[in-house]
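The structure appears below as structure tokens.
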Amino acid sequence: MNDHLQIKSEIRDGIPILELDYGPNTMFRAQVADLLAEKLVSEYRAGRPSHSVVCVLNIKANTAGSPLVRAIFELYNVVSADSGTLYCSGYPSNYMESLTSLGLPALPGFKLTKTLDEAVAFAQQAQATEDNSGKSQ
Amino acid sequence: MIEKLVGRFSLADVLSQLAPGFVALIALRVLFGAGVPDTVGLGFSPGSLSLALTTLVGAYSIGLFLLEWVSFGTRLFFSLRMKHLALNANPLIIRRHQLWDWLGWTMLALLHGMPLPRMRRSFVEAQVMMSEFNENTSHTFESSRFCSPWDRLELFRKLVSRACLKGADEVLTCAADIHARLLFVLSLSLVFALAAIAGAVQFAVAAVREHRVDVQMILLIATAAAGSLMMRAVAARYWEMELMLVCSLAERRRI
């Protein structure tokens, strides 16, 4: 099967990480945007620690398209609704131009990183800052 | 036959292309020292009639040329602007521009720079929605790669008209009317910007060669630059209005 769709969620050092993988044909499937968005949001809600204000999305697939952008945008809406930040790593570089032309990377609370480790490091920093400001208040 | 020919052009089309053409012709005359054309003395002699016709055709041709220039320049500006915004927010991931890119960008911003709506969620949502709709309707993949927000809206406006919606015609006619005004304002803004740049070059040359400062020229440059900037602000409002109008159709369709 070329169009398998896999979403794994894990918590690393208190940071919720969603790992997304799919085959090259997935982007051509009908209604895939809704399916992807629904799965990402439900995985995030189910695995998110209560105090967390960050989320890391790691994309392992080599292709992207409007359905993926829509799904990321829906996840961003949920994360940013709690004043959180979504870190997105591994977005296929060949498709970066279309992502920038849609304006998603320019939104506040959305950050792109090259690798998963980089994303986790940034997320940990942001979470620590948030925890410290919470304590001081 | 003439009726058919005339029927192809609406009055708004003709005016929106003629007016910037006329302004460009007048700007050329003023900048190259011929002064403002005197039309009072023109009678109905064959010579003056042919001059008037030549001017009319010339102005219309220049207007058409300006229209194409404006469309291309604004498209390029929007595309680079989105890239810059993404670069500013994510400096580690997106490729930095080379020096030549920055020079091109400066030129583009001088001639076509226009305030974009702030990067709010609703603006990005509209972009994502239009992109999805355009790709689904045109059966293309990854069209966002070669589309700027300018193209995306234009394509969406054309494609959404295929959907049979009650009351859509009125909205689309209104959007087309606003689009015509937007192009008209942008064409005029381009003429003013070009006049300001040409005036600044003339001023600099005169200041260096003849060591004289032409106050009249400074006023002309300032007026042209201010006019161009004001028109871009107006154009930005028109573009936002067009975006809202056209996207309202998609909301009703619940894409």
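Ordered as shown in the structure tokens, chains take letters A, B, and onward, while each chain numbers its residues from 1 and ligands are numbered from 1 in the order shown.
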Can you pull out the residues contacting region 66-73 of chain A? Cut-off 10 Å, using only C-alpha atoms, and skip same-chain residues under 5 positions away; I want them as a VMD selection string. (chain A and resid 26 to 41 57 59 78 to 79 86 88 91 98 to 99 102 104 110) or (chain B and resid 121 124 to 125 128 to 133 135 to 136 141 to 144)
- Message: Distance cut-off 6 Å, counting only C-alpha atoms - which residues of chain B neighbour chain A? Return them as a VMD selection string.
- Response: chain B and resid 82 to 83 85 to 86 89 93 119 124 127 132 142 144 to 145 148
Hey, can you spit out that residue selection with C-alpha atoms as an mmCIF file, in the first residue's frame?
data_model
loop_
_atom_site.group_PDB
_atom_site.id
_atom_site.type_symbol
_atom_site.label_atom_id
_atom_site.label_comp_id
_atom_site.auth_asym_id
_atom_site.auth_seq_id
_atom_site.Cartn_x
_atom_site.Cartn_y
_atom_site.Cartn_z
ATOM 1 C CA MET B 82 5.064 36.202 1.609
ATOM 2 C CA LYS B 83 8.537 34.701 1.382
ATOM 3 C CA LEU B 85 7.357 37.253 6.072
ATOM 4 C CA ALA B 86 8.069 33.534 6.382
ATOM 5 C CA ALA B 89 9.470 34.370 11.320
ATOM 6 C CA ILE B 93 14.789 27.201 7.814
ATOM 7 C CA MET B 119 -0.818 37.796 8.901
ATOM 8 C CA VAL B 124 -4.181 32.409 6.046
ATOM 9 C CA GLN B 127 -5.505 31.357 1.385
ATOM 10 C CA GLU B 132 -7.735 23.683 -1.790
ATOM 11 C CA GLU B 142 0.607 21.766 -5.632
ATOM 12 C CA SER B 144 0.335 26.921 -4.531
ATOM 13 C CA ARG B 145 3.977 26.581 -5.508
ATOM 14 C CA SER B 148 0.975 34.117 -5.090
#
Strand (DSSP E or B) call set, DSSP backbone run, region 6-128 of chain A, as number ranges by chain
A: 6-12, 15-22, 54-59, 85-89, 110-113
Filtering to C-alpha atoms, could you give me those residues as an mmCIF file, in the first residue's frame?
data_model
loop_
_atom_site.group_PDB
_atom_site.id
_atom_site.type_symbol
_atom_site.label_atom_id
_atom_site.label_comp_id
_atom_site.auth_asym_id
_atom_site.auth_seq_id
_atom_site.Cartn_x
_atom_site.Cartn_y
_atom_site.Cartn_z
ATOM 1 C CA GLN A 6 0.332 6.745 10.272
ATOM 2 C CA ILE A 7 0.245 9.128 13.211
ATOM 3 C CA LYS A 8 2.234 8.297 16.330
ATOM 4 C CA SER A 9 2.194 10.387 19.451
ATOM 5 C CA GLU A 10 4.751 10.359 22.249
ATOM 6 C CA ILE A 11 5.880 12.551 25.126
ATOM 7 C CA ARG A 12 9.592 13.352 25.228
ATOM 8 C CA ILE A 15 6.891 17.764 25.161
ATOM 9 C CA PRO A 16 4.073 16.209 23.116
ATOM 10 C CA ILE A 17 5.389 14.986 19.759
ATOM 11 C CA LEU A 18 3.220 13.905 16.855
ATOM 12 C CA GLU A 19 4.917 11.923 14.126
ATOM 13 C CA LEU A 20 3.184 11.859 10.784
ATOM 14 C CA ASP A 21 3.946 9.526 7.905
ATOM 15 C CA TYR A 22 2.084 8.632 4.726
ATOM 16 C CA VAL A 54 3.801 23.539 22.971
ATOM 17 C CA CYS A 55 3.424 20.807 20.396
ATOM 18 C CA VAL A 56 5.947 19.317 17.980
ATOM 19 C CA LEU A 57 4.791 17.912 14.664
ATOM 20 C CA ASN A 58 7.385 15.814 12.852
ATOM 21 C CA ILE A 59 6.655 14.998 9.224
ATOM 22 C CA THR A 85 3.232 27.230 19.862
ATOM 23 C CA LEU A 86 3.318 24.575 17.177
ATOM 24 C CA TYR A 87 6.799 23.484 16.057
ATOM 25 C CA CYS A 88 6.833 21.751 12.714
ATOM 26 C CA SER A 89 9.891 19.770 11.676
ATOM 27 C CA PHE A 110 3.976 28.650 14.323
ATOM 28 C CA LYS A 111 7.638 27.717 13.919
ATOM 29 C CA LEU A 112 9.425 25.653 11.305
ATOM 30 C CA THR A 113 12.568 23.688 12.109
#
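Reported to one decimal place, the separation of CA of Val53 (chain A) from CA of Glu130 (chain A) is 7.8 Å.
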- Message: Taking only region 88-182 of chain B into account, list the residues labelled helix (DSSP H, G or I) by DSSP (computed from the backbone), as a VMD selection string.
- Response: chain B and resid 88 to 89 99 to 112 121 to 138 143 to 146 149 to 160 168 to 182
Produce a file of the selected residues containing C-alpha atoms, as an mmCIF file, in the first residue's frame.
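Result written to selection21.cif:
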data_model
loop_
_atom_site.group_PDB
_atom_site.id
_atom_site.type_symbol
_atom_site.label_atom_id
_atom_site.label_comp_id
_atom_site.auth_asym_id
_atom_site.auth_seq_id
_atom_site.Cartn_x
_atom_site.Cartn_y
_atom_site.Cartn_z
ATOM 1 C CA ASN B 88 11.477 36.798 9.205
ATOM 2 C CA ALA B 89 9.470 34.370 11.320
ATOM 3 C CA LEU B 99 22.258 40.521 -2.767
ATOM 4 C CA TRP B 100 20.742 40.537 -6.244
ATOM 5 C CA ASP B 101 17.436 39.336 -4.804
ATOM 6 C CA TRP B 102 17.460 42.246 -2.372
ATOM 7 C CA LEU B 103 18.106 44.741 -5.179
ATOM 8 C CA GLY B 104 15.254 43.264 -7.185
ATOM 9 C CA TRP B 105 13.074 43.302 -4.090
ATOM 10 C CA THR B 106 13.827 46.996 -3.453
ATOM 11 C CA MET B 107 12.919 47.913 -7.029
ATOM 12 C CA LEU B 108 9.765 45.845 -6.817
ATOM 13 C CA ALA B 109 8.752 47.431 -3.501
ATOM 14 C CA LEU B 110 9.339 50.916 -4.931
ATOM 15 C CA LEU B 111 7.118 50.296 -7.936
ATOM 16 C CA HIS B 112 4.584 47.782 -6.654
ATOM 17 C CA ARG B 121 -5.460 33.498 11.064
ATOM 18 C CA SER B 122 -8.411 34.531 8.881
ATOM 19 C CA PHE B 123 -6.142 35.670 6.026
ATOM 20 C CA VAL B 124 -4.181 32.409 6.046
ATOM 21 C CA GLU B 125 -7.405 30.421 6.351
ATOM 22 C CA ALA B 126 -8.731 32.174 3.245
ATOM 23 C CA GLN B 127 -5.505 31.357 1.385
ATOM 24 C CA VAL B 128 -5.619 27.685 2.389
ATOM 25 C CA MET B 129 -9.299 27.439 1.488
ATOM 26 C CA MET B 130 -8.777 29.045 -1.939
ATOM 27 C CA SER B 131 -5.780 26.844 -2.637
ATOM 28 C CA GLU B 132 -7.735 23.683 -1.790
ATOM 29 C CA PHE B 133 -10.679 24.773 -3.907
ATOM 30 C CA ASN B 134 -8.509 25.751 -6.883
ATOM 31 C CA GLU B 135 -6.655 22.450 -6.818
ATOM 32 C CA ASN B 136 -9.796 20.355 -6.423
ATOM 33 C CA THR B 137 -11.625 22.187 -9.183
ATOM 34 C CA SER B 138 -8.773 22.407 -11.657
ATOM 35 C CA SER B 143 -0.514 24.804 -7.605
ATOM 36 C CA SER B 144 0.335 26.921 -4.531
ATOM 37 C CA ARG B 145 3.977 26.581 -5.508
ATOM 38 C CA PHE B 146 3.543 28.889 -8.490
ATOM 39 C CA PRO B 149 -2.045 35.388 -3.078
ATOM 40 C CA TRP B 150 -2.739 37.669 -6.060
ATOM 41 C CA ASP B 151 -3.005 34.765 -8.544
ATOM 42 C CA ARG B 152 -4.802 32.590 -6.064
ATOM 43 C CA LEU B 153 -7.624 35.090 -5.601
ATOM 44 C CA GLU B 154 -7.880 35.739 -9.337
ATOM 45 C CA LEU B 155 -8.047 32.007 -10.099
ATOM 46 C CA PHE B 156 -10.515 31.406 -7.287
ATOM 47 C CA ARG B 157 -12.763 34.238 -8.521
ATOM 48 C CA LYS B 158 -12.869 32.615 -11.952
ATOM 49 C CA LEU B 159 -13.330 29.055 -10.720
ATOM 50 C CA VAL B 160 -15.914 29.773 -8.052
ATOM 51 C CA ALA B 168 -23.421 34.565 -6.681
ATOM 52 C CA ASP B 169 -23.668 36.594 -9.887
ATOM 53 C CA GLU B 170 -24.291 39.828 -7.990
ATOM 54 C CA VAL B 171 -21.344 39.198 -5.684
ATOM 55 C CA LEU B 172 -19.057 38.271 -8.590
ATOM 56 C CA THR B 173 -20.123 41.329 -10.602
ATOM 57 C CA CYS B 174 -19.389 43.481 -7.593
ATOM 58 C CA ALA B 175 -16.009 41.749 -7.126
ATOM 59 C CA ALA B 176 -15.172 42.252 -10.826
ATOM 60 C CA ASP B 177 -16.067 45.923 -10.502
ATOM 61 C CA ILE B 178 -13.785 46.272 -7.476
ATOM 62 C CA HIS B 179 -11.032 44.399 -9.328
ATOM 63 C CA ALA B 180 -11.279 46.843 -12.250
ATOM 64 C CA ARG B 181 -10.976 49.768 -9.828
ATOM 65 C CA LEU B 182 -8.039 48.054 -8.124
#
Inset, instruction - Could you jot down the CA of Leu15 (chain B) to CA of Phe65 (chain B) separation for me, Å, one decimal place? - result: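 The value is 14.3 Å.
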